[in-house]
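Undergrad: What follows is query08.cif; its format and atoms are mmCIF, C-alpha atoms.
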data_input
#
loop_
_atom_site.label_atom_id
_atom_site.label_comp_id
_atom_site.auth_asym_id
_atom_site.auth_seq_id
_atom_site.Cartn_x
_atom_site.Cartn_y
_atom_site.Cartn_z
CA MET A 1 -1.91 2.71 24.67
CA PRO A 2 1.40 2.40 22.76
CA VAL A 3 4.43 2.27 25.04
CA ILE A 4 7.09 4.91 24.39
CA GLU A 5 10.07 5.38 26.66
CA GLU A 6 13.37 7.21 26.34
CA VAL A 7 16.49 5.05 26.58
CA ALA A 8 20.14 5.78 27.22
CA LYS A 9 22.25 6.42 24.10
CA VAL A 10 23.34 3.16 22.87
CA SER A 11 18.61 -1.44 9.33
CA PHE A 12 15.40 -0.98 8.65
CA GLU A 13 13.96 -3.12 5.81
CA ARG A 14 10.98 -2.44 3.59
CA VAL A 15 10.24 -5.33 1.30
CA GLY A 16 6.61 -4.83 0.30
CA MET A 17 6.03 -5.45 -3.41
CA HIS A 18 5.04 -1.82 -3.99
CA SER A 19 6.81 -0.04 -1.13
CA HIS A 20 8.95 1.89 -3.64
CA ILE A 21 5.99 3.70 -5.24
CA ARG A 22 6.04 7.46 -4.49
CA GLY A 23 3.64 8.74 -7.16
CA LEU A 24 2.88 8.47 -10.86
CA GLY A 25 6.20 9.97 -12.02
CA LEU A 26 4.70 12.80 -14.13
CA ASP A 27 6.27 16.16 -14.98
CA GLU A 28 4.56 19.55 -14.55
CA ASN A 29 2.78 19.07 -17.91
CA GLY A 30 1.35 15.70 -16.93
CA LYS A 31 3.74 13.76 -19.19
CA ALA A 32 5.14 10.50 -17.80
CA LYS A 33 8.90 10.25 -17.31
CA PHE A 34 10.34 6.87 -18.27
CA MET A 35 11.44 6.30 -14.66
CA ALA A 36 10.34 8.44 -11.70
CA ASP A 37 8.68 8.09 -8.28
CA GLY A 38 9.33 4.34 -8.40
CA MET A 39 7.34 3.93 -11.63
CA VAL A 40 8.85 2.55 -14.84
CA GLY A 41 7.24 2.43 -18.28
CA GLN A 42 3.43 2.24 -18.72
CA VAL A 43 3.61 5.80 -20.07
CA LYS A 44 0.08 5.96 -21.52
CA ALA A 45 -1.56 4.38 -18.47
CA ARG A 46 0.28 6.66 -16.03
CA GLU A 47 -0.65 9.79 -18.01
CA ALA A 48 -4.28 8.65 -18.03
CA ALA A 49 -4.06 8.10 -14.27
CA GLY A 50 -2.63 11.63 -13.94
CA ILE A 51 -5.71 13.04 -15.69
CA ALA A 52 -7.88 11.02 -13.29
CA VAL A 53 -5.98 12.52 -10.33
CA GLU A 54 -6.66 16.02 -11.69
CA LEU A 55 -10.37 15.16 -12.03
CA ILE A 56 -10.40 13.92 -8.44
CA LYS A 57 -8.75 17.11 -7.17
CA ARG A 58 -11.30 19.23 -9.04
CA GLY A 59 -14.20 17.19 -7.66
CA LYS A 60 -15.20 15.99 -11.14
CA LEU A 61 -15.04 12.24 -10.42
CA ALA A 62 -17.96 12.09 -7.96
CA GLY A 63 -20.14 9.04 -8.56
CA LYS A 64 -17.54 7.54 -10.92
CA GLY A 65 -14.59 5.20 -10.56
CA ILE A 66 -11.53 3.89 -12.41
CA LEU A 67 -11.08 0.44 -13.94
CA LEU A 68 -7.54 -0.82 -14.66
CA VAL A 69 -7.49 -3.59 -17.26
CA GLY A 70 -4.41 -5.54 -18.27
CA PRO A 71 -2.55 -8.85 -18.00
CA THR A 72 -1.13 -10.20 -14.75
CA GLY A 73 1.98 -8.33 -13.59
CA SER A 74 1.41 -5.24 -15.74
CA GLY A 75 1.51 -2.72 -12.89
CA LYS A 76 -2.20 -2.25 -12.09
CA THR A 77 -1.65 -2.18 -8.31
CA ALA A 78 1.37 0.13 -8.72
CA ILE A 79 -0.72 2.64 -10.70
CA ALA A 80 -3.52 2.52 -8.12
CA MET A 81 -1.01 3.17 -5.34
CA GLY A 82 0.58 5.93 -7.41
CA ILE A 83 -2.79 7.67 -7.67
CA ALA A 84 -3.15 7.54 -3.87
CA ARG A 85 0.37 8.96 -3.39
CA GLU A 86 -0.36 11.81 -5.81
CA LEU A 87 -3.40 12.78 -3.73
CA GLY A 88 -1.28 13.13 -0.57
CA GLU A 89 1.02 11.22 1.78
CA ASP A 90 -1.64 10.64 4.46
CA VAL A 91 -4.44 9.72 2.04
CA PRO A 92 -5.83 6.31 3.10
CA PHE A 93 -5.14 3.51 0.61
CA VAL A 94 -7.13 0.32 1.19
CA GLN A 95 -6.30 -2.69 -0.95
CA MET A 96 -8.42 -5.85 -1.19
CA ALA A 97 -9.16 -8.69 -3.58
CA GLY A 98 -12.66 -9.35 -4.88
CA SER A 99 -12.65 -12.83 -3.33
CA GLU A 100 -12.17 -11.39 0.20
CA ILE A 101 -15.83 -10.45 0.54
CA TYR A 102 -16.86 -14.10 0.82
CA SER A 103 -16.30 -14.31 4.55
CA ALA A 104 -18.15 -16.47 7.08
CA GLU A 105 -17.84 -13.78 9.76
CA VAL A 106 -19.70 -10.84 8.20
CA LYS A 107 -22.10 -10.26 5.33
CA LYS A 108 -20.66 -9.19 1.98
CA THR A 109 -22.24 -5.75 2.17
CA GLU A 110 -20.92 -5.23 5.71
CA PHE A 111 -17.40 -6.15 4.57
CA LEU A 112 -17.66 -3.62 1.72
CA LYS A 113 -19.05 -0.94 4.05
CA GLN A 114 -16.07 -1.36 6.36
CA ALA A 115 -13.64 -1.26 3.42
CA LEU A 116 -15.25 1.92 2.06
CA ARG A 117 -15.07 3.65 5.44
CA ARG A 118 -11.45 2.56 6.02
CA ALA A 119 -10.70 4.45 2.79
CA ILE A 120 -12.08 7.78 4.10
CA GLY A 121 -9.85 9.73 6.45
CA VAL A 122 -10.55 12.56 8.88
CA ARG A 123 -7.54 14.88 9.34
CA ILE A 124 -7.57 16.31 12.88
CA SER A 125 -5.32 19.06 14.26
CA GLU A 126 -4.74 19.71 17.97
CA GLU A 127 -1.99 20.71 20.39
CA ARG A 128 -0.20 17.69 21.82
CA LYS A 129 3.09 16.60 23.33
CA VAL A 130 5.17 15.13 20.49
CA TYR A 131 8.61 13.79 19.70
CA GLU A 132 9.82 15.58 16.56
CA GLY A 133 13.11 15.39 14.73
CA GLU A 134 15.26 13.79 12.07
CA VAL A 135 15.61 10.02 12.26
CA LYS A 136 19.32 9.60 12.98
CA GLU A 137 19.18 5.85 13.65
CA ILE A 138 16.39 3.30 13.47
CA GLU A 139 16.47 -0.35 14.49
CA VAL A 140 13.38 -2.53 14.16
CA ARG A 141 13.65 -5.61 16.34
CA LYS A 142 11.78 -8.61 15.00
CA THR A 143 10.42 -11.83 16.40
CA ARG A 144 8.73 -14.94 15.05
CA HIS A 145 5.03 -14.72 14.26
CA PRO A 146 3.11 -16.48 17.08
CA PHE A 147 1.02 -18.48 14.59
CA ASN A 148 3.55 -18.84 11.76
CA PRO A 149 7.16 -19.38 12.88
CA TYR A 150 8.41 -18.97 9.29
CA VAL A 151 7.40 -15.29 9.25
CA GLU A 152 9.07 -12.47 11.18
CA ILE A 153 7.04 -9.58 12.56
CA PRO A 154 8.15 -6.36 14.31
CA GLU A 155 8.42 -6.66 18.10
CA SER A 156 9.76 -3.21 19.01
CA VAL A 157 11.77 -0.33 17.62
CA ILE A 158 14.62 1.81 18.93
CA ILE A 159 14.79 5.17 17.19
CA THR A 160 17.12 8.13 17.66
CA LEU A 161 15.69 11.56 16.82
CA ARG A 162 17.74 14.74 16.60
CA THR A 163 17.13 18.46 16.12
CA LYS A 164 19.56 21.36 15.82
CA ASP A 165 19.63 21.63 19.63
CA ASP A 166 18.78 18.20 21.04
CA GLU A 167 18.95 14.44 20.54
CA LYS A 168 16.95 11.63 22.14
CA THR A 169 16.73 7.87 21.73
CA ILE A 170 13.35 6.28 22.38
CA ARG A 171 12.10 2.73 22.51
CA ALA A 172 8.59 1.97 21.27
CA GLY A 173 6.39 -1.09 20.92
CA ARG A 174 4.96 -3.14 18.07
CA GLU A 175 2.22 -0.68 17.05
CA ILE A 176 4.70 2.10 16.37
CA ALA A 177 7.10 -0.29 14.61
CA TYR A 178 4.27 -1.28 12.23
CA GLN A 179 3.45 2.39 11.57
CA LEU A 180 7.09 3.17 10.78
CA MET A 181 7.19 0.27 8.31
CA ASP A 182 3.89 1.24 6.67
CA LEU A 183 5.09 4.83 6.21
CA GLY A 184 8.49 3.69 4.92
CA VAL A 185 10.39 5.78 7.47
CA GLU A 186 14.18 5.60 7.13
CA GLU A 187 17.25 7.49 8.31
CA GLY A 188 17.15 11.14 7.26
CA ASP A 189 13.36 11.42 7.39
CA VAL A 190 11.76 14.03 9.66
CA ILE A 191 8.85 12.66 11.67
CA GLN A 192 6.48 13.50 14.54
CA ILE A 193 5.37 10.90 17.11
CA ASP A 194 2.45 11.68 19.41
CA ALA A 195 3.80 10.91 22.90
CA GLU A 196 0.37 9.85 24.16
CA THR A 197 -1.26 7.94 21.30
CA GLY A 198 1.79 6.91 19.27
CA ARG A 199 0.42 8.28 15.99
CA ILE A 200 3.17 9.11 13.48
CA SER A 201 3.33 11.80 10.79
CA LYS A 202 6.12 11.87 8.19
CA LEU A 203 7.02 15.48 7.34
CA GLY A 204 9.75 14.92 4.73
CA THR A 205 13.50 14.39 4.57
CA VAL A 206 16.63 16.44 5.25
CA LYS A 207 18.62 14.46 2.67
CA GLU A 208 19.14 15.56 -0.93
CA GLU A 209 17.00 12.91 -2.62
CA GLU A 210 17.36 12.17 -6.29
CA GLY A 211 15.86 10.00 -9.01
CA ILE A 212 12.99 7.66 -8.28
CA PHE A 213 13.04 8.06 -4.51
CA PHE A 214 12.30 11.81 -4.38
CA LYS A 215 10.68 13.06 -1.16
CA ARG A 216 9.70 16.49 0.11
CA ARG A 217 12.77 18.37 1.35
CA VAL A 218 12.40 19.95 4.81
CA ASN A 219 14.76 21.75 7.19
CA LEU A 220 16.16 20.11 10.32
CA PRO A 221 13.80 21.08 13.22
CA SER A 222 15.11 23.23 16.06
CA GLY A 223 14.46 23.20 19.82
CA PRO A 224 13.98 20.12 22.02
CA VAL A 225 12.97 16.76 20.56
CA LEU A 226 10.06 16.48 23.03
CA LYS A 227 7.83 19.54 22.70
CA ILE A 228 4.26 20.85 22.75
CA LYS A 229 3.15 21.36 19.17
CA GLU A 230 0.11 21.35 16.91
CA PHE A 231 -0.12 17.74 15.81
CA THR A 232 -2.00 16.74 12.68
CA TYR A 233 -3.04 13.13 12.18
CA THR A 234 -5.53 11.20 10.12
CA VAL A 235 -7.99 8.61 11.39
CA THR A 236 -10.48 6.73 9.23
CA LEU A 237 -14.24 6.68 9.53
CA HIS A 238 -13.98 2.97 10.32
CA ASP A 239 -11.64 3.74 13.25
CA LEU A 240 -14.27 6.13 14.61
CA ASP A 241 -17.03 3.56 13.98
CA VAL A 242 -15.15 0.94 16.02
CA ALA A 243 -14.36 3.40 18.82
CA ASN A 244 -18.03 4.37 19.12
CA ALA A 245 -19.22 0.75 18.87
CA ARG A 246 -17.01 -0.22 21.83
CA GLY A 247 -18.70 2.43 23.93
CA ASN A 248 -22.17 1.21 23.02
CA ILE A 249 -23.24 -1.12 25.88
CA PHE A 250 -26.40 -2.25 24.08
CA GLY A 251 -24.34 -3.15 21.01
CA LEU A 252 -21.82 -5.07 23.08
CA LEU A 253 -24.56 -7.10 24.76
CA PHE A 254 -26.74 -7.93 21.79
CA SER A 255 -24.54 -7.85 18.68
CA SER A 256 -22.13 -10.49 17.41
CA GLY A 257 -19.31 -7.95 17.62
CA ALA A 258 -18.38 -8.47 13.98
CA GLU A 259 -20.77 -5.90 12.49
CA ILE A 260 -21.38 -2.23 13.19
CA SER A 261 -24.92 -0.89 13.14
CA ASP A 262 -26.06 1.83 10.73
CA GLU A 263 -27.14 3.93 13.75
CA ILE A 264 -23.52 4.09 14.98
CA ARG A 265 -22.27 5.01 11.51
CA GLU A 266 -24.88 7.78 11.23
CA LYS A 267 -23.82 9.10 14.64
CA VAL A 268 -20.15 9.12 13.52
CA ASP A 269 -21.04 10.90 10.26
CA GLU A 270 -22.91 13.63 12.17
CA MET A 271 -19.98 14.02 14.59
CA VAL A 272 -17.47 14.33 11.74
CA LYS A 273 -19.63 16.86 9.88
CA LYS A 274 -19.80 18.97 13.07
CA TRP A 275 -16.00 18.81 13.46
CA ILE A 276 -15.61 19.99 9.87
CA GLU A 277 -18.12 22.83 10.33
CA ASP A 278 -16.30 23.93 13.51
CA GLY A 279 -12.94 23.90 11.70
CA LYS A 280 -11.51 21.13 13.89
CA ALA A 281 -11.07 18.61 11.07
CA THR A 282 -11.03 18.15 7.31
CA LEU A 283 -12.23 15.18 5.28
CA VAL A 284 -9.64 13.18 3.32
CA PRO A 285 -11.30 10.91 0.73
CA GLY A 286 -8.88 8.04 0.10
CA VAL A 287 -8.65 5.19 -2.38
CA LEU A 288 -10.37 1.81 -2.21
CA PHE A 289 -8.56 -0.52 -4.61
CA ILE A 290 -10.33 -3.80 -5.44
CA ASP A 291 -8.19 -6.24 -7.41
CA GLU A 292 -9.72 -9.27 -9.17
CA VAL A 293 -12.97 -7.31 -9.40
CA HIS A 294 -14.46 -10.03 -11.65
CA MET A 295 -14.72 -12.13 -8.46
CA LEU A 296 -17.45 -9.82 -7.08
CA ASP A 297 -21.04 -10.97 -7.56
CA ILE A 298 -24.12 -9.08 -8.77
CA GLU A 299 -25.13 -8.18 -5.20
CA ALA A 300 -21.72 -6.61 -4.48
CA PHE A 301 -21.76 -4.62 -7.74
CA SER A 302 -25.24 -3.32 -6.96
CA PHE A 303 -24.06 -2.18 -3.50
CA LEU A 304 -20.93 -0.48 -4.89
CA ALA A 305 -22.91 1.36 -7.58
CA ARG A 306 -25.14 2.88 -4.90
CA ALA A 307 -22.23 3.56 -2.50
CA MET A 308 -20.32 5.52 -5.18
CA GLU A 309 -23.07 8.15 -5.17
CA SER A 310 -22.95 8.57 -1.39
CA GLU A 311 -21.98 11.91 0.18
CA LEU A 312 -19.08 10.21 2.00
CA ALA A 313 -17.46 8.02 -0.65
CA PRO A 314 -13.76 7.27 -1.42
CA ILE A 315 -12.22 7.05 -4.87
CA LEU A 316 -13.00 3.57 -6.18
CA ILE A 317 -10.33 1.90 -8.33
CA LEU A 318 -11.02 -1.58 -9.72
CA ALA A 319 -8.66 -3.93 -11.56
CA THR A 320 -9.09 -7.09 -13.61
CA ASN A 321 -7.16 -9.28 -16.06
CA ARG A 322 -10.27 -10.89 -17.64
CA GLY A 323 -11.93 -10.16 -20.99
CA ARG A 324 -15.53 -11.33 -21.45
CA THR A 325 -16.67 -13.56 -18.60
CA LYS A 326 -19.80 -14.35 -16.62
CA ILE A 327 -21.00 -11.96 -13.95
CA ARG A 328 -20.71 -13.99 -10.77
CA GLY A 329 -24.14 -15.01 -9.44
CA THR A 330 -25.76 -14.86 -12.91
CA ASP A 331 -25.64 -16.64 -16.28
CA LEU A 332 -24.96 -13.38 -18.10
CA GLU A 333 -21.66 -12.68 -19.82
CA ALA A 334 -20.29 -9.13 -19.70
CA PRO A 335 -17.02 -7.32 -20.47
CA HIS A 336 -14.58 -8.01 -17.61
CA GLY A 337 -17.37 -9.77 -15.67
CA ILE A 338 -18.83 -6.38 -14.63
CA PRO A 339 -22.50 -5.37 -15.18
CA ILE A 340 -22.99 -2.79 -17.94
CA ASP A 341 -24.60 -0.24 -15.61
CA MET A 342 -21.48 -0.41 -13.40
CA LEU A 343 -19.12 -0.18 -16.41
CA ASP A 344 -20.87 3.04 -17.48
CA ARG A 345 -19.66 4.65 -14.23
CA LEU A 346 -15.98 3.76 -14.80
CA LEU A 347 -13.07 5.37 -16.64
CA ILE A 348 -11.14 2.46 -18.17
CA ILE A 349 -7.32 2.53 -18.29
CA ASN A 350 -5.40 -0.23 -20.09
CA THR A 351 -1.99 -1.49 -18.95
CA GLU A 352 0.44 -3.34 -21.22
CA PRO A 353 3.04 -6.08 -20.54
CA TYR A 354 6.43 -4.67 -19.53
CA LYS A 355 9.23 -4.58 -22.11
CA ARG A 356 12.75 -5.83 -21.45
CA ASN A 357 14.32 -2.43 -20.75
CA GLU A 358 11.48 -1.64 -18.32
CA ILE A 359 11.92 -4.96 -16.51
CA ARG A 360 15.64 -4.23 -16.17
CA GLU A 361 14.95 -0.94 -14.38
CA ILE A 362 12.28 -2.47 -12.13
CA VAL A 363 14.70 -5.22 -11.08
CA LYS A 364 17.24 -2.51 -10.18
CA ILE A 365 14.62 -0.68 -8.10
CA ARG A 366 13.60 -3.84 -6.24
CA ALA A 367 17.25 -4.77 -5.61
CA ARG A 368 17.86 -1.33 -4.12
CA GLU A 369 14.65 -1.50 -2.09
CA GLU A 370 15.57 -4.92 -0.66
CA LYS A 371 19.20 -3.82 -0.16
CA ILE A 372 20.58 -6.53 -2.44
CA ASP A 373 23.98 -5.94 -4.07
CA ILE A 374 23.68 -7.31 -7.61
CA SER A 375 25.92 -7.23 -10.68
CA GLU A 376 24.91 -5.73 -14.04
CA GLU A 377 25.24 -9.16 -15.67
CA ALA A 378 22.77 -10.67 -13.16
CA ILE A 379 20.34 -7.78 -13.72
CA GLU A 380 20.53 -8.29 -17.48
CA TYR A 381 19.86 -12.02 -17.05
CA LEU A 382 16.85 -11.33 -14.82
CA ALA A 383 15.50 -8.87 -17.40
CA GLU A 384 15.84 -11.57 -20.05
CA LEU A 385 14.01 -14.06 -17.82
CA GLY A 386 11.28 -11.51 -17.05
CA GLU A 387 10.68 -10.92 -20.75
CA LYS A 388 10.39 -14.66 -21.46
CA THR A 389 8.32 -15.53 -18.36
CA SER A 390 6.93 -12.66 -16.26
CA LEU A 391 8.08 -9.61 -14.35
CA ARG A 392 6.99 -11.11 -11.05
CA TYR A 393 9.05 -14.25 -11.60
CA ALA A 394 12.17 -12.16 -12.27
CA VAL A 395 11.60 -10.04 -9.14
CA GLN A 396 10.85 -13.11 -7.01
CA LEU A 397 14.23 -14.64 -7.90
CA LEU A 398 16.06 -11.72 -6.27
CA ALA A 399 15.66 -12.91 -2.67
CA PRO A 400 16.63 -16.59 -3.30
CA SER A 401 19.63 -15.42 -5.35
CA SER A 402 20.72 -13.25 -2.43
CA VAL A 403 20.51 -16.25 -0.09
CA LEU A 404 22.60 -18.33 -2.52
CA ALA A 405 25.17 -15.50 -2.65
CA ARG A 406 25.33 -15.77 1.18
CA GLY A 407 24.97 -12.04 1.69
CA GLY A 408 27.58 -11.14 -0.93
CA ARG A 409 27.20 -9.70 -4.41
CA VAL A 410 24.59 -11.52 -6.51
CA GLU A 411 26.10 -12.76 -9.77
CA ARG A 412 24.50 -14.43 -12.79
CA GLU A 413 25.48 -17.88 -11.51
CA HIS A 414 23.42 -17.31 -8.34
CA VAL A 415 20.36 -16.33 -10.40
CA GLU A 416 20.83 -19.42 -12.62
CA LYS A 417 20.99 -21.64 -9.53
CA ALA A 418 17.85 -19.99 -8.09
CA LYS A 419 16.12 -20.56 -11.43
CA GLU A 420 16.96 -24.28 -11.19
CA TYR A 421 15.41 -24.47 -7.73
CA PHE A 422 12.28 -22.40 -8.48
CA ALA A 423 10.40 -23.05 -11.72
CA ASP A 424 8.47 -20.50 -13.75
CA LEU A 425 4.90 -21.27 -14.82
CA ARG A 426 5.78 -22.69 -18.23
CA ARG A 427 8.39 -25.14 -16.89
CA SER A 428 6.04 -26.14 -14.09
CA ILE A 429 3.24 -26.99 -16.55
CA GLU A 430 5.65 -28.93 -18.78
CA PHE A 431 6.89 -30.89 -15.77
CA VAL A 432 3.38 -31.92 -14.71
CA GLU A 433 2.25 -32.75 -18.26
CA LYS A 434 5.32 -34.94 -18.72
CA LEU A 435 4.48 -36.89 -15.56
CA GLU A 436 0.86 -37.24 -16.67
CA GLY A 437 2.08 -38.65 -19.99
CA MET A 438 4.21 -41.25 -18.17
CA LEU A 439 1.17 -42.39 -16.19
CA GLN A 440 -0.87 -42.84 -19.36
#
As structure tokens - that is how I would like this structure written.

TA:
Amino acid sequence: MPVIEEVAKVSFERVGMHSHIRGLGLDENGKAKFMADGMVGQVKAREAAGIAVELIKRGKLAGKGILLVGPTGSGKTAIAMGIARELGEDVPFVQMAGSEIYSAEVKKTEFLKQALRRAIGVRISEERKVYEGEVKEIEVRKTRHPFNPYVEIPESVIITLRTKDDEKTIRAGREIAYQLMDLGVEEGDVIQIDAETGRISKLGTVKEEEGIFFKRRVNLPSGPVLKIKEFTYTVTLHDLDVANARGNIFGLLFSSGAEISDEIREKVDEMVKKWIEDGKATLVPGVLFIDEVHMLDIEAFSFLARAMESELAPILILATNRGRTKIRGTDLEAPHGIPIDMLDRLLIINTEPYKRNEIREIVKIRAREEKIDISEEAIEYLAELGEKTSLRYAVQLLAPSSVLARGGRVEREHVEKAKEYFADLRRSIEFVEKLEGMLQ
């Protein structure tokens, strides 16, 4: 059980590559704004994704999926995440690469089953004791990863919540710190924390948000911070599968522990359907995003095609940067390395390389997200580099440039120095080919 304790009154960083995505950035007519909700450019692709969201909401995408096709670094993952955000804040979003299914621990189909069920949520409402209020202060304390000392992970969090009538500071453990980071909670947000289980719900913000970081505006709560209230949270079908598998003595004795039997999943499905019929819960179909889908083999495609027609199925979004290539596990060539019968089930959206003005705005967004103070001249230089090399290379130079600036304002000279230290793909290839020529 997560540990939560109140403490006497005594900067939170979010640096995920797509932590700034809040939606697709469309207006009320479904037209894409140049920059909104963390999205920049890709107007045609975002408008197409908006139509797909509308189809999902109307229940017209059952048995179908979406395929995002475009070059590396053209925003395919951002669009997939934007679709999930448009469907709702607590909609499960599960991201994986096609190569991940080749695991020694579980069968490919079992891995895909677990991924599919992690992408289906069950929203449950019940009365519970909760901490509720505006986040006045938040401090995530970090420690070195036990297996990788070069990576920091959250160890605990101290958070101050306030209402119109009360204020409390609480200390919580690693599980809650991870949740806060995943939800992107920051000062000014209004949240609920289940005092018993530690589950967190983000209700909105009391701040006047503007531009790309728009959030739902809510009023400052009243009453005590710790109160009895109806608490709504979302668990996934996979969470329920695991919980039921742990209580199955026969399964614990005779299974490897890595796989969950179909009998347990059927039992969970029946239980969830009963909850829904009794009005205790609602189903929240989420998004399963599979990048590098050309890495899946014919067996995996066959399984996914059947799973898409299931009664309990998430929205399937696939992405690839390949043209014609062999279907893995066969000698047959197909568009994007996907069998034709699977392609017939997909709506295909194309993404294009980012232009210079778009790269400039994305660099600004990432600098703001990573809390890096950077000059306009440095931003312009990074946009120029991104156009010549790739968007990802330009964004990746932000952090090293900040280190070279020693916490101060990042200038062009710092970016140039970082560029000398870290090569882009073209310079790297030229360097190796030159050495190979010397050896010959």

Undergrad: List the residues selected by the PyMOL selection byres ((chain A and resi 303) around 12) in the file shown, writing them as a count of residues only.

TA: 22

Undergrad: Excluding same-chain residues fewer than 2 positions from range 36-52 of chain A, what lies within 7 Å of it counting all atoms listed in the file, as a PDB file with C-alpha atoms, in the frame of the given file?

TA:
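Just written: around.pdb:
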ATOM      1  CA  HIS A  20       8.950   1.890  -3.640  1.00  0.00           C
ATOM      2  CA  ILE A  21       5.990   3.700  -5.240  1.00  0.00           C
ATOM      3  CA  ARG A  22       6.040   7.460  -4.490  1.00  0.00           C
ATOM      4  CA  GLY A  23       3.640   8.740  -7.160  1.00  0.00           C
ATOM      5  CA  LEU A  24       2.880   8.470 -10.860  1.00  0.00           C
ATOM      6  CA  GLY A  25       6.200   9.970 -12.020  1.00  0.00           C
ATOM      7  CA  GLY A  30       1.350  15.700 -16.930  1.00  0.00           C
ATOM      8  CA  LYS A  31       3.740  13.760 -19.190  1.00  0.00           C
ATOM      9  CA  ALA A  32       5.140  10.500 -17.800  1.00  0.00           C
ATOM     10  CA  LYS A  33       8.900  10.250 -17.310  1.00  0.00           C
ATOM     11  CA  PHE A  34      10.340   6.870 -18.270  1.00  0.00           C
ATOM     12  CA  GLU A  54      -6.660  16.020 -11.690  1.00  0.00           C
ATOM     13  CA  LEU A  55     -10.370  15.160 -12.030  1.00  0.00           C
ATOM     14  CA  ILE A  56     -10.400  13.920  -8.440  1.00  0.00           C
ATOM     15  CA  ILE A  79      -0.720   2.640 -10.700  1.00  0.00           C
ATOM     16  CA  ILE A  83      -2.790   7.670  -7.670  1.00  0.00           C
ATOM     17  CA  GLY A 211      15.860  10.000  -9.010  1.00  0.00           C
ATOM     18  CA  ILE A 212      12.990   7.660  -8.280  1.00  0.00           C
ATOM     19  CA  PHE A 213      13.040   8.060  -4.510  1.00  0.00           C
ATOM     20  CA  PHE A 214      12.300  11.810  -4.380  1.00  0.00           C
ATOM     21  CA  ILE A 349      -7.320   2.530 -18.290  1.00  0.00           C
ATOM     22  CA  ASN A 350      -5.400  -0.230 -20.090  1.00  0.00           C
ATOM     23  CA  THR A 351      -1.990  -1.490 -18.950  1.00  0.00           C
ATOM     24  CA  GLU A 352       0.440  -3.340 -21.220  1.00  0.00           C
ATOM     25  CA  GLU A 358      11.480  -1.640 -18.320  1.00  0.00           C
ATOM     26  CA  ILE A 362      12.280  -2.470 -12.130  1.00  0.00           C
TER      27      ILE A 362
END

Undergrad: Which residue, A:Glu134, A:Ile260, A:Val268, A:Ile228, has the smallest gap to Lys202 in chain A when you use only C-alpha atoms?

TA: A:Glu134

Undergrad: So that all listed atoms of range 265-281 of chain A fit with 4 Å spare on each side, what axis-aligned box centre and edge lengths in Å, to one decimal, would you give as AutoDock Vina command-line options?

TA:
--center_x -18.0 --center_y 14.5 --center_z 12.3 --size_x 21.8 --size_y 26.9 --size_z 12.8

Undergrad: For CA of Lys417 in chain A and CA of Pro353 in chain A, determine how far apart the two atoms are, in Å to one decimal place.

TA: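 Calculated distance between CA of Lys417 in chain A and CA of Pro353 in chain A is 26.2 Å.
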
Undergrad: Compare A:Val432, A:Gly88, A:Tyr354, A:Gln95 by their minimum atom-to-atom distance to Ile317 in chain A, counting all atoms listed in the file, and give me the closest one.

TA: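 Distance minimum relative to Ile317 in chain A lands on A:Gln95.
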